[in-house]
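**Student:** Sharing entry.cif below, mmCIF, C-alpha atoms:
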data_target
loop_
_atom_site.label_atom_id
_atom_site.label_comp_id
_atom_site.auth_asym_id
_atom_site.auth_seq_id
_atom_site.Cartn_x
_atom_site.Cartn_y
_atom_site.Cartn_z
CA MET E 191 0.00 0.00 0.00
CA ALA E 192 2.80 2.49 0.69
CA HIS E 193 3.80 4.30 -2.45
CA SER E 194 6.15 7.07 -3.50
CA ALA E 195 5.21 10.74 -3.19
CA ALA E 196 4.36 10.85 -6.91
CA TYR E 197 1.87 7.97 -6.66
CA ARG E 198 -1.67 8.95 -7.61
CA PRO E 199 -4.25 6.25 -6.99
CA THR E 200 -6.32 5.26 -9.99
CA PRO E 201 -10.13 5.16 -9.75
CA ALA E 202 -9.81 1.38 -9.36
CA ASP E 203 -7.27 1.83 -6.53
CA LEU E 204 -9.66 4.21 -4.76
CA ALA E 205 -12.62 1.86 -5.18
CA ALA E 206 -10.54 -1.03 -3.81
CA ALA E 207 -9.55 1.09 -0.78
CA LYS E 208 -13.12 1.27 0.58
CA ASP E 209 -13.40 -0.23 4.08
CA ARG E 210 -9.62 -0.69 4.48
CA THR E 211 -7.82 0.38 7.60
CA ILE E 212 -4.42 2.03 7.90
CA PRO E 213 -2.06 1.85 10.88
CA ASP E 214 -2.07 4.55 13.52
CA LEU E 215 1.03 6.70 13.81
CA VAL E 216 1.42 6.56 17.57
CA ALA E 217 3.93 6.15 20.37
CA PRO E 218 3.74 6.53 24.15
CA ASP E 219 3.75 10.00 25.73
CA LEU E 220 3.32 12.12 22.58
CA ARG E 221 2.82 15.88 22.89
CA VAL E 222 -0.24 15.79 20.62
CA LEU E 223 -2.14 12.85 19.15
CA PHE E 224 -4.17 14.21 16.24
CA CYS E 225 -7.34 12.25 15.60
CA GLY E 226 -9.11 12.34 12.26
CA ILE E 227 -12.69 11.21 11.81
CA ASN E 228 -11.71 8.25 9.61
CA PRO E 229 -9.34 7.65 6.70
CA GLY E 230 -10.50 8.64 3.25
CA LEU E 231 -10.07 6.52 0.14
CA TRP E 232 -6.76 8.21 -0.80
CA SER E 233 -5.41 7.30 2.62
CA GLY E 234 -6.66 3.75 2.23
CA ALA E 235 -5.01 3.48 -1.19
CA THR E 236 -1.67 5.00 -0.13
CA GLY E 237 -1.43 3.92 3.52
CA HIS E 238 -0.81 7.54 4.58
CA HIS E 239 -3.00 9.72 6.79
CA PHE E 240 -4.63 12.85 5.31
CA ALA E 241 -3.35 11.82 1.86
CA ARG E 242 -6.03 13.31 -0.39
CA PRO E 243 -4.87 16.35 -2.34
CA GLY E 244 -6.86 19.26 -0.99
CA ASN E 245 -6.81 18.02 2.59
CA ARG E 246 -5.41 20.86 4.65
CA PHE E 247 -3.98 18.90 7.59
CA TRP E 248 -0.34 19.05 6.43
CA PRO E 249 -0.45 22.76 5.43
CA ALA E 250 -2.20 23.62 8.73
CA LEU E 251 0.48 21.76 10.72
CA PHE E 252 3.20 23.72 8.93
CA ARG E 253 1.49 27.13 9.02
CA SER E 254 0.74 26.74 12.72
CA GLY E 255 4.38 25.98 13.53
CA PHE E 256 3.99 22.33 14.51
CA THR E 257 6.36 21.27 11.70
CA PRO E 258 9.49 23.07 10.46
CA ARG E 259 8.44 22.63 6.82
CA LEU E 260 5.48 21.36 4.83
CA PHE E 261 5.51 17.58 5.13
CA ARG E 262 3.98 15.28 2.54
CA PRO E 263 1.68 12.46 3.69
CA ASP E 264 4.38 9.89 2.84
CA GLU E 265 6.67 11.63 5.37
CA GLN E 266 4.19 11.11 8.22
CA LYS E 267 6.61 9.03 10.31
CA GLU E 268 8.75 12.16 10.81
CA LEU E 269 5.99 13.51 13.06
CA LEU E 270 6.88 11.06 15.83
CA ALA E 271 10.27 12.79 16.37
CA LEU E 272 8.32 16.03 16.89
CA GLY E 273 6.12 14.39 19.54
CA LEU E 274 3.12 14.22 17.21
CA GLY E 275 0.99 11.26 16.13
CA ILE E 276 -2.14 10.45 14.14
CA THR E 277 -5.10 8.16 14.77
CA ASN E 278 -8.79 8.16 13.82
CA VAL E 279 -12.14 7.90 15.59
CA ALA E 280 -13.31 5.22 13.14
CA ALA E 281 -10.82 2.91 11.45
CA ARG E 282 -12.50 2.05 8.14
CA THR E 283 -11.96 4.09 5.01
CA THR E 284 -14.87 5.78 3.27
CA ALA E 285 -15.29 8.30 0.48
CA LYS E 286 -16.93 10.72 2.93
CA ALA E 287 -17.11 10.77 6.73
CA ASP E 288 -20.91 10.95 6.59
CA GLU E 289 -20.89 7.31 5.44
CA LEU E 290 -20.09 6.34 9.04
CA THR E 291 -22.98 5.51 11.35
CA ALA E 292 -23.48 7.13 14.73
CA ALA E 293 -22.89 3.68 16.27
CA GLU E 294 -19.52 3.40 14.49
CA LEU E 295 -18.52 6.81 15.84
CA ARG E 296 -19.60 5.92 19.39
CA ASP E 297 -17.74 2.58 19.20
CA GLY E 298 -14.75 4.44 17.77
CA GLY E 299 -14.89 6.92 20.65
CA ARG E 300 -14.71 4.09 23.18
CA ALA E 301 -11.76 2.49 21.34
CA LEU E 302 -10.06 5.89 21.05
CA ALA E 303 -10.41 6.45 24.80
CA GLU E 304 -8.68 3.10 25.36
CA ARG E 305 -5.83 4.05 22.98
CA VAL E 306 -5.39 7.36 24.78
CA ARG E 307 -5.27 5.63 28.18
CA HIS E 308 -2.66 3.21 26.80
CA TYR E 309 -0.40 5.73 24.99
CA ARG E 310 -0.92 8.73 27.34
CA PRO E 311 -0.47 11.65 24.93
CA ARG E 312 -0.41 15.06 26.61
CA VAL E 313 -3.23 16.20 24.29
CA LEU E 314 -5.76 14.40 22.11
CA ALA E 315 -6.78 16.76 19.28
CA VAL E 316 -9.95 15.53 17.57
CA LEU E 317 -10.25 17.00 14.08
CA GLY E 318 -13.98 17.29 13.57
CA LEU E 319 -16.61 18.86 15.78
CA GLY E 320 -19.54 16.69 14.66
CA ALA E 321 -17.56 13.47 15.01
CA TYR E 322 -16.43 14.42 18.51
CA ARG E 323 -19.97 15.35 19.54
CA THR E 324 -21.27 11.97 18.38
CA ALA E 325 -18.34 9.80 19.49
CA PHE E 326 -18.24 11.21 23.01
CA GLY E 327 -21.89 12.17 23.51
CA ARG E 328 -21.11 15.88 23.85
CA PRO E 329 -23.72 17.62 21.64
CA ARG E 330 -22.83 21.17 22.72
CA THR E 331 -19.07 20.95 22.28
CA THR E 332 -17.32 23.87 20.60
CA VAL E 333 -13.86 24.15 19.03
CA GLY E 334 -10.96 24.46 21.48
CA ARG E 335 -9.82 22.97 24.77
CA GLN E 336 -12.48 20.82 26.44
CA ALA E 337 -13.31 20.77 30.14
CA GLU E 338 -13.12 16.97 30.31
CA THR E 339 -9.96 14.88 30.07
CA LEU E 340 -9.13 11.24 29.40
CA GLY E 341 -6.99 10.43 32.41
CA ALA E 342 -4.23 13.06 32.36
CA THR E 343 -4.74 13.72 28.63
CA GLU E 344 -6.28 17.07 27.69
CA ILE E 345 -8.85 17.00 24.91
CA TRP E 346 -9.00 19.64 22.20
CA VAL E 347 -11.46 19.77 19.34
CA LEU E 348 -10.23 21.37 16.12
CA PRO E 349 -12.01 21.87 12.79
CA ASN E 350 -11.93 19.05 10.26
CA PRO E 351 -9.08 19.83 7.79
CA SER E 352 -10.87 18.15 4.88
CA GLY E 353 -11.15 20.30 1.80
CA LEU E 354 -14.88 19.54 2.03
CA ASN E 355 -15.10 21.66 5.22
CA ALA E 356 -16.01 25.05 3.73
CA HIS E 357 -16.58 26.62 7.17
CA TYR E 358 -12.84 27.13 7.69
CA THR E 359 -10.25 28.60 5.34
CA LEU E 360 -6.70 27.27 5.55
CA ASP E 361 -5.69 30.43 7.43
CA ALA E 362 -8.51 29.99 9.97
CA LEU E 363 -7.66 26.31 10.35
CA ALA E 364 -3.95 27.11 10.89
CA ALA E 365 -4.93 29.72 13.50
CA GLU E 366 -6.83 27.07 15.52
CA PHE E 367 -3.88 24.66 15.21
CA ARG E 368 -1.53 27.49 16.32
CA ILE E 369 -3.55 28.05 19.52
CA LEU E 370 -3.07 24.35 20.35
CA ARG E 371 0.64 24.46 19.50
CA GLU E 372 1.22 27.48 21.71
CA ALA E 373 -0.68 25.82 24.58
CA THR E 374 1.46 22.67 24.32
CA GLU E 375 4.91 24.19 23.87
CA PRO E 376 7.37 23.22 26.58
CA GLY E 377 8.13 25.86 29.19
#
Any chance you could put this one into structure tokens?

**Tutor:**
Amino acid sequence: MAHSAAYRPTPADLAAAKDRTIPDLVAPDLRVLFCGINPGLWSGATGHHFARPGNRFWPALFRSGFTPRLFRPDEQKELLALGLGITNVAARTTAKADELTAAELRDGGRALAERVRHYRPRVLAVLGLGAYRTAFGRPRTTVGRQAETLGATEIWVLPNPSGLNAHYTLDALAAEFRILREATEPG
């Protein structure tokens, strides 16, 4: 599944990627564990998180100062050295997040809570307000730091970086990521 940076999945590759899973990028005691809603078909086809062209995760990480340069999805493993990781609420790939059921999101929230308790990141940053509301039963949640925690792990909710999220420009998305970065900087 892993391919070079120039690899562009064919329509057949994308169709075959439906319902696949891709491995989490995680290690114990990370500074921030970013949590997508679920992998898209490009991610399923390439094996890389936030792989679809037009997804603004990687540019938002760079513009907010989390990364020293703009990383490509196939460079995701370099995030671990920066104390950053990636997981998802739901594991299976879909063309759109709205293909997931509320039950899948709730089940995913329970599994995510277990992963967080196991790996103990300083912050869990869920990238998607609606998914967080459903997965954790918090219908009035807003973007930003949450009052609740998972053990010692702070929870933040950030906007979904998908290009399909028209509510946030890249600049607005990067600004929300920057607030989190500044709150988690050492010292």

**Student:** Once the PyMOL selection byres ((chain E and resi 256) around 12) has been evaluated on this model, what residues remain selected, and can you format them as a ChimeraX atom specification?

**Tutor:** /E:221-222,224,247-255,257-261,268-275,364-375

**Student:** Within 6 Å of range 204-210 of chain E, counting only C-alpha atoms, which residues qualify if same-chain residues fewer than 4 places away don't, as a ChimeraX atom specification?

**Tutor:** /E:231,234-235,282-284

**Student:** Please evaluate the PyMOL selection byres ((chain E and resi 314-322) around 6) against the displayed coordinates and give the resulting residues as a short mmCIF file (atom, residue, chain, number, x, y, z; two decimals) with C-alpha atoms, keeping the file's coordinate frame.

**Tutor:**
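Once written, result-v2.cif looks like this:
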data_model
loop_
_atom_site.label_atom_id
_atom_site.label_comp_id
_atom_site.auth_asym_id
_atom_site.auth_seq_id
_atom_site.Cartn_x
_atom_site.Cartn_y
_atom_site.Cartn_z
CA VAL E 222 -0.24 15.79 20.62
CA LEU E 223 -2.14 12.85 19.15
CA PHE E 224 -4.17 14.21 16.24
CA CYS E 225 -7.34 12.25 15.60
CA GLY E 226 -9.11 12.34 12.26
CA VAL E 313 -3.23 16.20 24.29
CA ARG E 323 -19.97 15.35 19.54
CA THR E 324 -21.27 11.97 18.38
CA ALA E 325 -18.34 9.80 19.49
CA PHE E 326 -18.24 11.21 23.01
CA ILE E 345 -8.85 17.00 24.91
CA TRP E 346 -9.00 19.64 22.20
CA VAL E 347 -11.46 19.77 19.34
CA LEU E 348 -10.23 21.37 16.12
CA PRO E 349 -12.01 21.87 12.79
CA ASN E 350 -11.93 19.05 10.26
#

**Student:** Measure the distance from CA of Ile227 in chain E to CA of Ala280 in chain E in Å and round it to one decimal.

**Tutor:**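 Separating CA of Ile227 in chain E from CA of Ala280 in chain E is a distance of 6.2 Å.
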
**Student:** I need the residue nearest Pro311 in chain E from this list: E:Leu363, E:Leu340, E:Leu220, E:Ala356. Use only C-alpha atoms for the distance.

**Tutor:**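 Selected residue with least distance to Pro311 in chain E: E:Leu220.
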
**Student:** Closest to Arg328 in chain E among E:Arg296, E:His357, E:Arg310, E:Lys267, using only C-alpha atoms?

**Tutor:**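 The answer is E:Arg296, which sits nearest to Arg328 in chain E.
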